[in-house]
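Input: a single structure, listed below in structure tokens.
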Amino acid sequence: MSVININKKTKSTQSLGVGTYTFLIVAVILSVFPLFWMVIAATNKSVDVISGTLIPGSNLATNYKNLIGSTNLWQAMWNSFKYAGIMTVLSLLVCSIAGYGFEIYHDKHKDRLFSFLLLAMMIPFAAVMIPLYQMVSEYGLLNSTAGFVLPTISTPFLIMLFRQNSRSFPHEIIDAARIDGLSEIGIFIRIYIPTQKAVFAAAVTVVFMNGWNNYLWPKIIMQSNDSISMPMLIAGLQSGYVTDYGVLMLSVLFCILPMLIIFFAMQRYFTQGITGSIK
Amino acid sequence: MSHKKQKQMQIKSKLTVENKLSITGWFFILPATLLIFAMSFYPMFKALYMSFRTGIGVNMEWAGLYNFTRMLKDKIFMQSVRNNFFYLIIQVPIMLVLAITLASILNNPKLKYKGLFRILLFLPCATPLVAYSVIFRSLFAIDGYFNTILLNFGILSKAYNFLGHPTSAKIVIIIALIWRWTGYNIVFYLAGLQNIDPSIYEAVKLEGASKFQTFFSITAPLLKPMILLTSIMSINGTLQLFDESVNLTAGGPANASITMSHYIYNLSFKYVPNFGYAAALSYVILLLVAFLALIQMKVVDVRD
Amino acid sequence: MKKILFTLACITIAASSLLMASGQKEATVDTSKSDELVVWLWDMGFNGATMQKAAEIYKEDHPEFNLVIEDQGDWNTLQTKLTTIASSGKLDSLPDILLIQDNAFQKNYMSFPEVFTDLSNTNIDYTQFASGKTGYSVIDGKNYGVPFDNGAVIFGYRTDILAKAGYTIDDFTDITWSQWLKQARVVLEKTGKPLLSAQAGSSDIINMMLQSAGASLFNTDGSPNIVNNDVLYKVAETYMQMLDDGTCIEATDWSGYTNSFSSGAVAGTMTGCWIAATIQGATDQAGKWKITNMPSLDGIPTATNYSNNGGSSWAVTSACKNVDLAADFFAMTFGSSMELYDAVAQNGVLGTYLPSANSSVYSQPNEFFSGQPIMSIITEFAGKVPAIEGGAYYYDARDAVCTAITQIQSGAVAKEAFQDAQDTVNFMMGN
């Protein structure tokens, strides 16, 4: 397997001007403002939050106490983590191999099938919710992780992500590997996956996020108190006649944190050049 | 050697390498395909059946094409179709261009604090809807931050009710969408950019190409598969737009910003439920997205 | 080939066993015993706490009784679940008891009649509840719901600001809207503060005014009554007038609305009595508020100073295996227990059980509201709210009228806008 030599780190190609940095910094300020606002809000009393204060308050501890006292925060965090985590693993497994299959072994029939599969993401979820509920309820999967993940393990979107990305995967590598006597599945696991860390990282990020933020579906299948997810917990905090905005925004901070951690862990794979060279 | 085995051997020998690979491919795509058939197409088929029925709640009866002729007279639905296309035409191009530009900056090896910049730009799409709708409404409220700034700089002489006027309400939705989804698209472009060999840039630079030339002659063509993916995804997302319409403007003022999905949701879960009609409207969305996606696939999805 | 098949099989087995394991572990089969009731509700601090207290009280005489409360987050979630379950025909995944918003009661009964259980022939005494309240859950003369919380309309004023304009709370009690408009203009002139704020795109004020005159958007036969509804025109005219005068301002959303009076920018508010808890959130305004009834419409013979906004009722579902137990539970608690209403009053929960007006807890003065016994006052108001024709198409009509009002605000002719609204509702009714 010494045939292939994928280029390692290359020297800089473009220099960055002041204009580019200014543009980037403006974009960053715009996208950070809401987080800044939420952090401020989480430290303030409800009345001050709605009056639009931008000064940190001293109510953080009280807000935390109220949040813990009125909700099952850690249970919801764990549930969301479990739902989104299992979904990410299964989704990536099923869709990456399918996306690879659709591209590397493409022919007229597979291309047609793929176009047809794309239809599956084009109908509003509200339209298929009732039949899906019938199925999930039939199999006794209410209040379960299985019920949560089943409808979205395989999504045309994720298959397409892997399919599109496989297009620029050099075919010479595959041919060389075949000559070396590697099986097809072996090529996928030992050659394709290691060189595609960036796309897997992107997929982990978005699938985890979609699972974590999914609201409409868990809203109907999660019925018992201990199966509640984070978006449901947040919705519950603004359901009553009185909404405490300080507590609400603190719960929102808890809700974004895991997603940011995942993204932060994954973004280091977005580095220039196909990183995992083959030995 | 038994007769059976002999036959198998014969078949096997007939299989060319090509055929073998093709079958391998079918096995690779099988689990995903089966799941989509069971979890998407089966319920969609049920919804299709439902779209030919009408009634209240569970009391449904066969109605033929009634729902499909009925929607032509539905003023709110027609308004929502117009709104969706307004969002689509303005928001999707702006967002995708912005995302590609930012992604190529973020991919530049010379950029300092890359990880930090990336996470900060990703932040908006991780923000839960609750927070973001509260923030956007307060930004654009009559006594909100935005009006305050415009008044202080003397750009406006009187506070403007952004969410209270049909066009400005729609523009607020577009701004919110761009804000929320640009980072999401950046993720895909960043992943796509990893497949571009940096030495290509080096070569082009030596030839003295400008940044724009480099972008249009190298980056854009190589990102084509990802551009197709993100544009189909964005068109689909915009035509199924729901959250922003519900939470930012509540479809208002006077349905001026309501989307098709929002209206369908209202028909099923807020008003007296009419699932038949709601399902028929859903199929209109399906046809619209499918049509646009098909054109794109035909134009863009060609292998060199 | 073999290798591929093997790997695929492994993946499939791994995945499915993972799913099954998690599925089996969590799928708790509801083997509800005959002395157990499961209830779905939202807002644990308010609705949930009340149910918990009711269960405690009932348990004293029925030690084997067990109540399981499952918090569904918010009303939208509960409605979405109810709709999905009922229309998928899986009625057995419903709980025994549901909390239902009053305005949605008729709609849900009409759409899913098989979900509800008739509670007429039980020992719950419905005459002990405000008639304006029980009306929501009575269909064809049968009681399908047990009345719970109160949505009686109160008008709260900042008395310190009224005083600056030379008024007291009495000047705003038992008045008509024309008097209110006149006095509110004076207040605005002298203090610069509007007396009322509303949430833009919400028709709460319109509906409260309509109901105060016993009017609704529906005729007795259920058909929409919009374009020829004289009361509605009067209401729209009054509302436009206060917006024009600046005595009422519109906020873009709910938090903007509550902020308008919490921040002191607006000197009064009118909505369901549950707003009292939010008003009291602005602790710096303690002792400066008083509540009274709402103004009545001018020139309408049926006009009153009382109305309703919000509130919910309990329903027993067809999945309930022990209807007698559920009915007895409600009769012994929500239908007769002063102890219950006294106990939950501190959470700000006010029932519509009329005898509670005389309770000693209810007549205690509230320091925030300048020593007024607000709970007794509200319960008294609740008894005077006119009952109206609710109609299953309540939400359809409310949204249509809301759209019409917005159009009138931006210059449309009232008659045309209401005609459009009526057409929309008729369209919705046409299936």
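Residues are referred to by chain and number: the chain letter is A, B, ... according to the order shown in the structure tokens, the number counts from 1 in that chain, and ligands are numbered separately from 1 in the order shown.
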Using the chain letters and numbers from this document, which residues of range 16-228 of chain B does DSSP assign to strand (DSSP E or B), as a PDB file with N, CA and C atoms, in the first residue's frame?
```pdb
ATOM      1  N   ARG B  53     -59.234  12.055   0.805  1.00  0.00           N
ATOM      2  CA  ARG B  53     -60.365  11.951   1.716  1.00  0.00           C
ATOM      3  C   ARG B  53     -60.592  13.292   2.395  1.00  0.00           C
ATOM      4  N   THR B  54     -61.769  13.497   2.922  1.00  0.00           N
ATOM      5  CA  THR B  54     -62.023  14.742   3.625  1.00  0.00           C
ATOM      6  C   THR B  54     -62.914  14.486   4.827  1.00  0.00           C
ATOM      7  N   GLY B  55     -62.932  15.421   5.752  1.00  0.00           N
ATOM      8  CA  GLY B  55     -63.774  15.279   6.930  1.00  0.00           C
ATOM      9  C   GLY B  55     -63.131  15.920   8.128  1.00  0.00           C
ATOM     10  N   ILE B  56     -63.810  15.803   9.259  1.00  0.00           N
ATOM     11  CA  ILE B  56     -63.336  16.411  10.493  1.00  0.00           C
ATOM     12  C   ILE B  56     -62.760  15.330  11.387  1.00  0.00           C
ATOM     13  N   ASN B  59     -63.617  11.467  11.388  1.00  0.00           N
ATOM     14  CA  ASN B  59     -64.771  11.188  10.528  1.00  0.00           C
ATOM     15  C   ASN B  59     -64.459  11.563   9.090  1.00  0.00           C
ATOM     16  N   MET B  60     -63.787  10.640   8.381  1.00  0.00           N
ATOM     17  CA  MET B  60     -63.340  10.964   7.034  1.00  0.00           C
ATOM     18  C   MET B  60     -64.088  10.141   5.996  1.00  0.00           C
ATOM     19  N   GLU B  61     -64.242  10.727   4.824  1.00  0.00           N
ATOM     20  CA  GLU B  61     -64.855   9.976   3.739  1.00  0.00           C
ATOM     21  C   GLU B  61     -64.124  10.246   2.435  1.00  0.00           C
ATOM     22  N   TRP B  62     -64.322   9.409   1.448  1.00  0.00           N
ATOM     23  CA  TRP B  62     -63.655   9.531   0.160  1.00  0.00           C
ATOM     24  C   TRP B  62     -64.106  10.819  -0.517  1.00  0.00           C
TER      25      TRP B  62
END
```
Write out as a short mmCIF file (atom, residue, chain, number, x, y, z; two decimals) with N, CA and C atoms, in the first residue's frame every residue belonging to chain C that has an atom at most 7 Å from any atom of chain B, counting only C-alpha atoms.
```
data_model
loop_
_atom_site.label_atom_id
_atom_site.label_comp_id
_atom_site.auth_asym_id
_atom_site.auth_seq_id
_atom_site.Cartn_x
_atom_site.Cartn_y
_atom_site.Cartn_z
N GLN C 79 -51.92 19.04 22.88
CA GLN C 79 -52.89 19.00 21.78
C GLN C 79 -52.35 18.17 20.61
N THR C 80 -51.04 18.36 20.29
CA THR C 80 -50.46 17.59 19.19
C THR C 80 -50.52 16.10 19.49
N THR C 83 -54.18 14.87 19.27
CA THR C 83 -54.60 14.77 17.88
C THR C 83 -54.00 13.53 17.21
N SER C 87 -56.24 10.35 16.10
CA SER C 87 -56.45 10.08 14.69
C SER C 87 -55.74 8.82 14.23
N LYS C 107 -63.86 21.78 19.97
CA LYS C 107 -63.16 21.32 18.77
C LYS C 107 -62.73 19.86 18.92
N SER C 111 -64.03 16.62 16.84
CA SER C 111 -63.12 15.87 16.00
C SER C 111 -62.95 14.43 16.46
N PHE C 112 -62.90 14.25 17.78
CA PHE C 112 -62.62 12.92 18.33
C PHE C 112 -63.61 12.57 19.43
N GLY C 201 -51.35 41.25 16.88
CA GLY C 201 -51.64 39.99 16.23
C GLY C 201 -52.34 38.98 17.12
N THR C 252 -44.94 43.77 20.43
CA THR C 252 -44.79 42.77 19.37
C THR C 252 -45.01 41.34 19.85
N ALA C 392 -66.87 24.88 17.82
CA ALA C 392 -65.69 24.06 17.57
C ALA C 392 -64.67 24.83 16.75
N TYR C 393 -65.14 25.75 15.93
CA TYR C 393 -64.23 26.47 15.04
C TYR C 393 -63.68 27.74 15.68
N TYR C 395 -60.79 28.54 17.12
CA TYR C 395 -59.46 29.01 16.72
C TYR C 395 -59.44 29.49 15.27
N ASP C 396 -60.20 28.81 14.41
CA ASP C 396 -60.30 29.23 13.02
C ASP C 396 -60.86 30.65 12.96
N THR C 403 -56.89 38.60 11.70
CA THR C 403 -56.41 39.08 10.41
C THR C 403 -57.22 40.30 9.98
N THR C 406 -56.24 43.41 11.91
CA THR C 406 -54.96 43.95 11.43
C THR C 406 -55.16 44.70 10.12
N GLN C 407 -56.02 44.14 9.24
CA GLN C 407 -56.27 44.81 7.96
C GLN C 407 -56.97 46.14 8.16
N ASN C 431 -64.84 21.84 4.85
CA ASN C 431 -63.96 20.67 4.75
C ASN C 431 -63.08 20.73 3.52
#
```
Between CA of Arg180 in chain B and CA of Cys125 in chain B, what distance in Å does the model show, to one decimal?
5.0 Å
Contact residues (chain B, partner chain A, 6 Å, only C-alpha atoms) as a list of chain:residue names
B:Ser22, B:Gly25, B:Phe28, B:Ile29, B:Ala32, B:Met39, B:Ser40, B:Pro43, B:Met44, B:Pro109, B:Leu121, B:Pro124, B:Ala126, B:Val187, B:Ala191, B:Gln194, B:Glu202, B:Pro225, B:Ala279, B:Leu286
Using only all heavy atoms, please write the residues we just selected to a file, as a compact mmCIF listing (two decimals), in the first residue's frame.
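Output below, filename part.txt:
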```txt
# COMPACT_ATOMS: atom_id res chain seq x y z
N SER B 22 -21.17 -4.19 -9.04
CA SER B 22 -22.51 -3.61 -9.00
C SER B 22 -23.34 -4.24 -7.88
O SER B 22 -24.03 -3.55 -7.14
CB SER B 22 -23.19 -3.82 -10.34
OG SER B 22 -24.54 -3.44 -10.24
N GLY B 25 -22.35 -2.99 -4.59
CA GLY B 25 -22.96 -1.68 -4.42
C GLY B 25 -24.39 -1.78 -3.91
O GLY B 25 -24.79 -1.06 -3.00
N PHE B 28 -24.41 -2.42 -0.32
CA PHE B 28 -24.05 -1.24 0.46
C PHE B 28 -25.23 -0.32 0.68
O PHE B 28 -25.37 0.31 1.72
CB PHE B 28 -22.92 -0.46 -0.27
CG PHE B 28 -21.55 -1.00 -0.01
CD1 PHE B 28 -21.37 -2.32 0.40
CD2 PHE B 28 -20.42 -0.20 -0.18
CE1 PHE B 28 -20.10 -2.83 0.64
CE2 PHE B 28 -19.15 -0.70 0.06
CZ PHE B 28 -18.99 -2.01 0.47
N ILE B 29 -26.08 -0.20 -0.34
CA ILE B 29 -27.18 0.77 -0.22
C ILE B 29 -28.45 0.14 0.34
O ILE B 29 -29.41 0.84 0.63
CB ILE B 29 -27.48 1.45 -1.57
CG1 ILE B 29 -27.94 0.43 -2.60
CG2 ILE B 29 -26.26 2.20 -2.06
CD1 ILE B 29 -28.16 1.03 -3.96
N ALA B 32 -29.96 1.30 4.11
CA ALA B 32 -30.48 2.67 4.08
C ALA B 32 -31.76 2.73 3.26
O ALA B 32 -32.74 3.36 3.66
CB ALA B 32 -29.43 3.60 3.49
N MET B 39 -39.79 3.77 6.67
CA MET B 39 -40.02 4.89 7.57
C MET B 39 -40.46 6.17 6.87
O MET B 39 -40.90 7.10 7.51
CB MET B 39 -38.73 5.17 8.38
CG MET B 39 -38.44 4.10 9.39
SD MET B 39 -39.74 4.10 10.64
CE MET B 39 -39.66 2.42 11.20
N SER B 40 -40.28 6.25 5.57
CA SER B 40 -40.72 7.46 4.86
C SER B 40 -41.77 7.17 3.80
O SER B 40 -42.82 7.78 3.78
CB SER B 40 -39.53 8.17 4.22
OG SER B 40 -38.62 8.58 5.20
N PRO B 43 -45.31 5.78 5.21
CA PRO B 43 -46.19 6.84 5.72
C PRO B 43 -46.59 7.85 4.64
O PRO B 43 -47.72 8.35 4.67
CB PRO B 43 -45.33 7.54 6.78
CG PRO B 43 -44.24 6.61 7.11
CD PRO B 43 -44.04 5.72 5.95
N MET B 44 -45.71 8.10 3.70
CA MET B 44 -46.07 9.04 2.63
C MET B 44 -47.18 8.50 1.77
O MET B 44 -48.05 9.23 1.32
CB MET B 44 -44.84 9.34 1.75
CG MET B 44 -43.93 10.40 2.33
SD MET B 44 -42.33 10.42 1.52
CE MET B 44 -42.72 11.24 -0.02
N PRO B 109 -5.11 28.54 5.38
CA PRO B 109 -4.15 28.09 6.40
C PRO B 109 -3.51 29.25 7.15
O PRO B 109 -3.03 29.08 8.26
CB PRO B 109 -3.09 27.33 5.60
CG PRO B 109 -3.49 27.39 4.20
CD PRO B 109 -4.71 28.18 4.03
N LEU B 121 -18.87 31.14 14.38
CA LEU B 121 -19.78 31.23 13.25
C LEU B 121 -20.79 30.09 13.23
O LEU B 121 -21.86 30.19 12.66
CB LEU B 121 -18.99 31.25 11.93
CG LEU B 121 -18.25 32.54 11.65
CD1 LEU B 121 -17.36 32.40 10.43
CD2 LEU B 121 -19.23 33.69 11.44
N PRO B 124 -24.76 30.23 15.83
CA PRO B 124 -26.18 30.49 15.59
C PRO B 124 -27.01 29.24 15.31
O PRO B 124 -28.13 29.14 15.78
CB PRO B 124 -26.16 31.41 14.37
CG PRO B 124 -24.86 32.08 14.42
CD PRO B 124 -23.91 31.08 15.00
N ALA B 126 -26.62 26.35 16.45
CA ALA B 126 -26.81 25.53 17.65
C ALA B 126 -27.78 26.18 18.63
O ALA B 126 -28.23 25.54 19.57
CB ALA B 126 -25.47 25.30 18.33
N VAL B 187 -20.33 24.36 7.47
CA VAL B 187 -19.84 23.04 7.87
C VAL B 187 -19.63 22.15 6.65
O VAL B 187 -18.60 21.49 6.50
CB VAL B 187 -20.82 22.38 8.86
CG1 VAL B 187 -20.41 20.95 9.14
CG2 VAL B 187 -20.88 23.18 10.15
N ALA B 191 -16.06 20.85 4.91
CA ALA B 191 -15.78 19.44 4.65
C ALA B 191 -15.42 19.23 3.19
O ALA B 191 -14.49 18.51 2.86
CB ALA B 191 -16.98 18.58 5.04
N GLN B 194 -11.87 20.16 1.96
CA GLN B 194 -10.75 19.29 2.32
C GLN B 194 -10.32 18.38 1.17
O GLN B 194 -9.25 17.82 1.18
CB GLN B 194 -11.09 18.41 3.54
CG GLN B 194 -11.61 19.14 4.75
CD GLN B 194 -10.89 20.44 5.01
OE1 GLN B 194 -9.67 20.49 5.00
NE2 GLN B 194 -11.65 21.51 5.23
N GLU B 202 -1.58 26.74 -5.30
CA GLU B 202 -0.21 27.20 -5.44
C GLU B 202 0.11 27.45 -6.91
O GLU B 202 0.63 28.50 -7.29
CB GLU B 202 0.73 26.11 -4.87
CG GLU B 202 2.08 26.62 -4.43
CD GLU B 202 1.96 27.45 -3.16
OE1 GLU B 202 1.14 27.08 -2.28
OE2 GLU B 202 2.66 28.45 -3.06
N PRO B 225 -20.30 19.41 -6.20
CA PRO B 225 -21.17 18.41 -5.54
C PRO B 225 -21.76 18.93 -4.23
O PRO B 225 -22.92 18.69 -3.94
CB PRO B 225 -20.22 17.24 -5.28
CG PRO B 225 -19.09 17.41 -6.22
CD PRO B 225 -18.94 18.88 -6.44
N ALA B 279 -53.02 16.87 4.10
CA ALA B 279 -52.17 15.94 3.35
C ALA B 279 -52.09 16.36 1.89
O ALA B 279 -51.02 16.30 1.27
CB ALA B 279 -52.73 14.52 3.44
N LEU B 286 -44.36 18.75 -1.74
CA LEU B 286 -43.53 17.67 -2.28
C LEU B 286 -43.27 17.89 -3.77
O LEU B 286 -42.15 17.83 -4.24
CB LEU B 286 -44.21 16.32 -2.05
CG LEU B 286 -43.51 15.14 -2.72
CD1 LEU B 286 -42.44 14.60 -1.83
CD2 LEU B 286 -44.49 14.05 -3.09
```
Chain A residues near chain C (7 Å cut-off, only C-alpha atoms) as a VMD selection string:
chain A and resid 47 50 to 51 90 130 to 131 134 140 to 146 185 219 to 220 223 to 225 232 to 233 235 to 236 239 to 242
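With only C-alpha atoms taken into account, the protein and nucleic acid residues at most 7 Å from Thr379 in chain C (excluding it and anything under 6 positions from it in its own chain) are Thr352, Leu354 and Ala357 of chain C.
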If we count only C-alpha atoms, what is near range 169-186 of chain C at a cut-off of 8 Å, once residues fewer than 2 positions away on the same chain are taken out, given as a VMD selection string?
chain C and resid 157 159 162 165 167 188 to 190 194 to 195 238 242 245 247 290 to 298 305
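Coordinates place CA of Gly222 in chain C at a distance of 22.9 Å from CA of Ala130 in chain C.
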For CA of Arg190 in chain A and CA of Arg303 in chain B, quote the distance in Å rounded to one decimal.
25.3 Å
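Distance annotation: of B:Ile90, B:Phe146, B:Ile135, B:Tyr184, the residue with the minimal separation from Arg118 in chain B is B:Tyr184; atom set is only C-alpha atoms.
Considering only C-alpha atoms, the residue among B:Phe136, B:Met95, B:Lys110, B:Val130 positioned nearest to Leu237 in chain A is B:Val130.
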